[in-house]
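Presented below is the structure to which this report refers.
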Amino acid sequence: MFVYIKYQVKIIKNLSYFIAILLPVSSFANNLPLMKDDIHRIEYPEGMQVLSTVIQSQDSLNVIYSHFYNYDWKAGELRNSKLELTPTSILSSKPMTLGFENNKPVNFRTGVSSINKTSTEWLYFVESETTYHKSASAFRAQWKSGELVHKQLLSLPTAIAAASSPKWYLLNNGKVALVYRTEPYPGCCQLLFSLSDDGVNFDSPVNIGSGGAMPALAMFSSNELIYTFQTRFVSKKKDSDGKEKSGMRTHFRLSSNQGANWREPIPITTRVEEVHDASPIRRRDGYVDVYYSSVDSHENDVFSLWRRCVSTSGKLGPEELVVDKSFGNVAKVSPHRLGDGSLLLTFVEQGKVYSEGEHNLHSAKVLSDAKCGV
């Protein structure tokens, strides 16, 4: 029998502890939706987490993610937790602040992505001394023995903020792609795409032709690109007081020429109106699965986590519920492909009301991609 240990235990300096929660074998099965017993919690209050990236080797799996000290987005850091996946459980080390060589304190770091280029593992991120919505600087640093070294300032032709939601990706041709939105302003924001040959100096961005938030990218094995994002809409329904109601809905656009041009936007689903936090990932067959959260009930604003396959022509496979709705208000999913071909998902549970719940990071393993049939 394993005893649940809270993080508020007394910690001996310079020692790390592994927190183990045994899960039933079903958590490693193909069956969806995932139930509560299939899900491992990485973080606990206080603070909130959002998106993650992973660094994996033959003997370790590290989850690195953005942690904010409060719901006001005014200060935060990058954290790291080492996971161990056993046949019946997920084990995680106590989350720690990510260490930097010659560390200089900053107000916050966020927007983390990992890229393995020329056999070197790099973490990309933004730093700011001001606020989440003001200008920030983008960097990359080399991952070495659990610490970040050789920090380099990125050259970007346009201003960027932490709220620009930048994400970096390695493409099939070895170039590094950056997706982000313009530095926030009233009526914001345009969605941008930029490329770099060396991973440091980025070209003038392409405006994909849509405005919105939460940009993300994936590449098909055949080199087409999919760019997901959410954009504001006016609902056909009215608020309880009869006023106009607006929301956000996820769309995607496709490119067959390395992002120079983008096809017309396609909604990821028309089943419901409110769809957020999409994250695409390449499937084992070369197509792409898109994970996303949607409000499925007219009674409340609770989000459920779904996924579906997308082909290079934009055809969509059936929708699959990923996490059982009884688990809670699920958002900010990050899917990661593991070395054995399975998937590690991280996501947060927001509580019934955003900023009144715990908004902490959870993880689960899924063996198979979505059903496709397109």
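How things are named: the first chain in the structure tokens is A, the next is B, and so on; residues count from 1 in each chain; ligands count from 1 in the order shown.
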List the spatial neighbours of region 295-297 of chain A as a PyMOL selection string - criterion: any atom at most 10 Å away, only C-alpha atoms, same-chain residues fewer than 2 positions off excluded. chain A and resi 271-276+293+299-305+325+329-330
What lies within 9 Å of Phe202 (chain A) using only C-alpha atoms, ignoring chain neighbours under 5 positions off, as a ChimeraX atom specification? /A:154-157,176-178,194-197
Include N, CA and C atoms and write out the residues we just selected as a PDB file, in the first residue's frame.
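The result, written out as part_6.pdb:
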ATOM      1  N   LEU A 154      17.215  35.277 -28.750  1.00  0.00           N
ATOM      2  CA  LEU A 154      16.722  35.065 -30.106  1.00  0.00           C
ATOM      3  C   LEU A 154      16.521  36.394 -30.823  1.00  0.00           C
ATOM      4  N   SER A 155      16.736  36.380 -32.115  1.00  0.00           N
ATOM      5  CA  SER A 155      16.512  37.562 -32.947  1.00  0.00           C
ATOM      6  C   SER A 155      15.153  37.438 -33.626  1.00  0.00           C
ATOM      7  N   LEU A 156      14.214  38.277 -33.193  1.00  0.00           N
ATOM      8  CA  LEU A 156      12.866  38.263 -33.746  1.00  0.00           C
ATOM      9  C   LEU A 156      12.596  39.614 -34.402  1.00  0.00           C
ATOM     10  N   PRO A 157      12.025  39.644 -35.593  1.00  0.00           N
ATOM     11  CA  PRO A 157      11.801  40.915 -36.295  1.00  0.00           C
ATOM     12  C   PRO A 157      10.622  41.717 -35.773  1.00  0.00           C
ATOM     13  N   VAL A 176      13.531  25.629 -37.742  1.00  0.00           N
ATOM     14  CA  VAL A 176      12.731  25.842 -36.543  1.00  0.00           C
ATOM     15  C   VAL A 176      11.615  26.823 -36.875  1.00  0.00           C
ATOM     16  N   ALA A 177      10.382  26.440 -36.571  1.00  0.00           N
ATOM     17  CA  ALA A 177       9.219  27.300 -36.812  1.00  0.00           C
ATOM     18  C   ALA A 177       8.756  27.912 -35.502  1.00  0.00           C
ATOM     19  N   LEU A 178       8.293  29.140 -35.586  1.00  0.00           N
ATOM     20  CA  LEU A 178       7.736  29.857 -34.439  1.00  0.00           C
ATOM     21  C   LEU A 178       6.333  30.313 -34.791  1.00  0.00           C
ATOM     22  N   SER A 194       6.820  32.170 -38.367  1.00  0.00           N
ATOM     23  CA  SER A 194       8.164  32.577 -38.766  1.00  0.00           C
ATOM     24  C   SER A 194       9.092  31.375 -38.765  1.00  0.00           C
ATOM     25  N   LEU A 195      10.118  31.413 -39.622  1.00  0.00           N
ATOM     26  CA  LEU A 195      11.067  30.309 -39.752  1.00  0.00           C
ATOM     27  C   LEU A 195      12.487  30.771 -39.434  1.00  0.00           C
ATOM     28  N   SER A 196      13.316  29.814 -39.009  1.00  0.00           N
ATOM     29  CA  SER A 196      14.726  30.076 -38.746  1.00  0.00           C
ATOM     30  C   SER A 196      15.549  28.893 -39.212  1.00  0.00           C
ATOM     31  N   ASP A 197      16.658  29.167 -39.894  1.00  0.00           N
ATOM     32  CA  ASP A 197      17.568  28.098 -40.309  1.00  0.00           C
ATOM     33  C   ASP A 197      18.434  27.610 -39.157  1.00  0.00           C
TER      34      ASP A 197
END
Taking only C-alpha atoms into account, produce a table as CSV in which each residue of region 130-193 of chain A with an atom at most 9 Å from an atom of region 88-99 of chain A appears once, together with its shortest atom pair and the distance in Å to one decimal, ordered by chain and rising number.
residue,atom,partner,partner_atom,distance
A:Gly146,CA,A:Gly99,CA,7.5
A:Glu147,CA,A:Gly99,CA,5.0
A:Leu148,CA,A:Gly99,CA,6.2
A:Val149,CA,A:Gly99,CA,9.0
Find, counting only C-alpha atoms, the residue in A:Asn173, A:Thr118, A:Asn223, A:Thr158 that gets nearest to Asn201 (chain A).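 Answer, going by the shortest atom-to-atom distance: A:Thr158.
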Which residues come within 10 Å of region 361-365 of chain A, counting only C-alpha atoms, excluding same-chain residues fewer than 5 positions away, as an MDAnalysis selection string? chainID A and resid 27:30 34:44 48:52 63 65:67 83 85 89:90 92 323 330:336 338 342:350
Expressed in Å to a single decimal, how great is the separation between CA of Asp72 (chain A) and CA of Ser279 (chain A)?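 CA of Ser279 (chain A) lies at a distance of 23.8 Å from CA of Asp72 (chain A).
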Between A:Ser60, A:Gly339, A:Arg307, A:Tyr291, which is the closest to Lys371 (chain A) once you count only C-alpha atoms?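 Among the listed residues, A:Arg307 lies closest to Lys371 (chain A).
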Any idea what's packed within 7 Å of Gly317 (chain A), counting only C-alpha atoms, ignoring anything in its chain fewer than 4 positions away? Could you give it as a list in words? Arg308, Cys309, Val310, Lys371, Cys372, Gly373 and Val374 of chain A
Since we have the selection now, will you write its residues out, keeping N, CA, C and O atoms, as a short mmCIF file (atom, residue, chain, number, x, y, z; two decimals), in the first residue's frame?
data_model
loop_
_atom_site.label_atom_id
_atom_site.label_comp_id
_atom_site.auth_asym_id
_atom_site.auth_seq_id
_atom_site.Cartn_x
_atom_site.Cartn_y
_atom_site.Cartn_z
N ARG A 308 -9.51 14.57 -32.30
CA ARG A 308 -9.93 13.99 -33.57
C ARG A 308 -8.80 14.09 -34.59
O ARG A 308 -7.91 14.95 -34.49
N CYS A 309 -8.84 13.20 -35.57
CA CYS A 309 -7.83 13.13 -36.62
C CYS A 309 -8.12 14.17 -37.70
O CYS A 309 -9.28 14.47 -38.01
N VAL A 310 -7.04 14.72 -38.29
CA VAL A 310 -7.15 15.63 -39.42
C VAL A 310 -6.24 15.12 -40.53
O VAL A 310 -5.06 14.80 -40.29
N LYS A 371 -9.13 7.36 -33.71
CA LYS A 371 -9.64 6.72 -34.90
C LYS A 371 -9.69 7.76 -36.02
O LYS A 371 -9.99 8.92 -35.79
N CYS A 372 -9.39 7.32 -37.23
CA CYS A 372 -9.28 8.31 -38.30
C CYS A 372 -10.33 8.09 -39.40
O CYS A 372 -11.33 8.79 -39.46
N GLY A 373 -10.08 7.17 -40.31
CA GLY A 373 -11.08 6.87 -41.34
C GLY A 373 -11.28 7.97 -42.34
O GLY A 373 -12.36 8.12 -42.91
N VAL A 374 -10.26 8.80 -42.59
CA VAL A 374 -10.39 9.87 -43.60
C VAL A 374 -9.42 9.64 -44.73
O VAL A 374 -8.46 8.90 -44.61
#
Counting only C-alpha atoms, what is within 7 Å of Ser311 (chain A), bar same-chain residues fewer than 2 positions away, as a ChimeraX atom specification? /A:287-288,309,313-316,374
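For the pair CA of Gly341 (chain A) and CA of His359 (chain A), the separation is 28.4 Å.
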How far is it from CA of Tyr124 (chain A) to CA of Lys74 (chain A), in Å with one decimal?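 One can read the CA of Tyr124 (chain A) to CA of Lys74 (chain A) distance as 20.2 Å.
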Among the residues A:Thr231, A:Val366, A:Ile226, A:Ala260, the one that comes closest to Ser246 (chain A) [using only C-alpha atoms]: A:Thr231
Would you mind listing what lies within 8 Å of Gly286 (chain A) as a PyMOL selection string, with only C-alpha atoms counted and same-chain residues fewer than 4 positions away left out? chain A and resi 220-222+282
May I have the residues from that selection written out with N, CA, C and O atoms, as a PDB file, in the first residue's frame?
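What follows is the written file out-v3.pdb:
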ATOM      1  N   PHE A 220       2.610  17.359 -40.838  1.00  0.00           N
ATOM      2  CA  PHE A 220       2.328  16.020 -41.335  1.00  0.00           C
ATOM      3  C   PHE A 220       3.635  15.378 -41.838  1.00  0.00           C
ATOM      4  O   PHE A 220       4.593  16.079 -42.161  1.00  0.00           O
ATOM      5  N   SER A 221       3.663  14.071 -41.935  1.00  0.00           N
ATOM      6  CA  SER A 221       4.860  13.402 -42.439  1.00  0.00           C
ATOM      7  C   SER A 221       5.146  13.780 -43.884  1.00  0.00           C
ATOM      8  O   SER A 221       6.290  13.702 -44.345  1.00  0.00           O
ATOM      9  N   SER A 222       4.110  14.221 -44.603  1.00  0.00           N
ATOM     10  CA  SER A 222       4.251  14.635 -46.006  1.00  0.00           C
ATOM     11  C   SER A 222       4.588  16.119 -46.134  1.00  0.00           C
ATOM     12  O   SER A 222       4.505  16.682 -47.232  1.00  0.00           O
ATOM     13  N   ARG A 282       1.547  15.112 -34.480  1.00  0.00           N
ATOM     14  CA  ARG A 282       1.578  14.157 -35.579  1.00  0.00           C
ATOM     15  C   ARG A 282       1.256  12.753 -35.078  1.00  0.00           C
ATOM     16  O   ARG A 282       1.745  12.312 -34.043  1.00  0.00           O
TER      17      ARG A 282
END
Region 98-183 of chain A: residues DSSP assigns to strand (DSSP E or B), reported as an MDAnalysis selection string: chainID A and resid 99:100 108:117 120:128 135:144 147:153 155 160:161 167:170 176:181
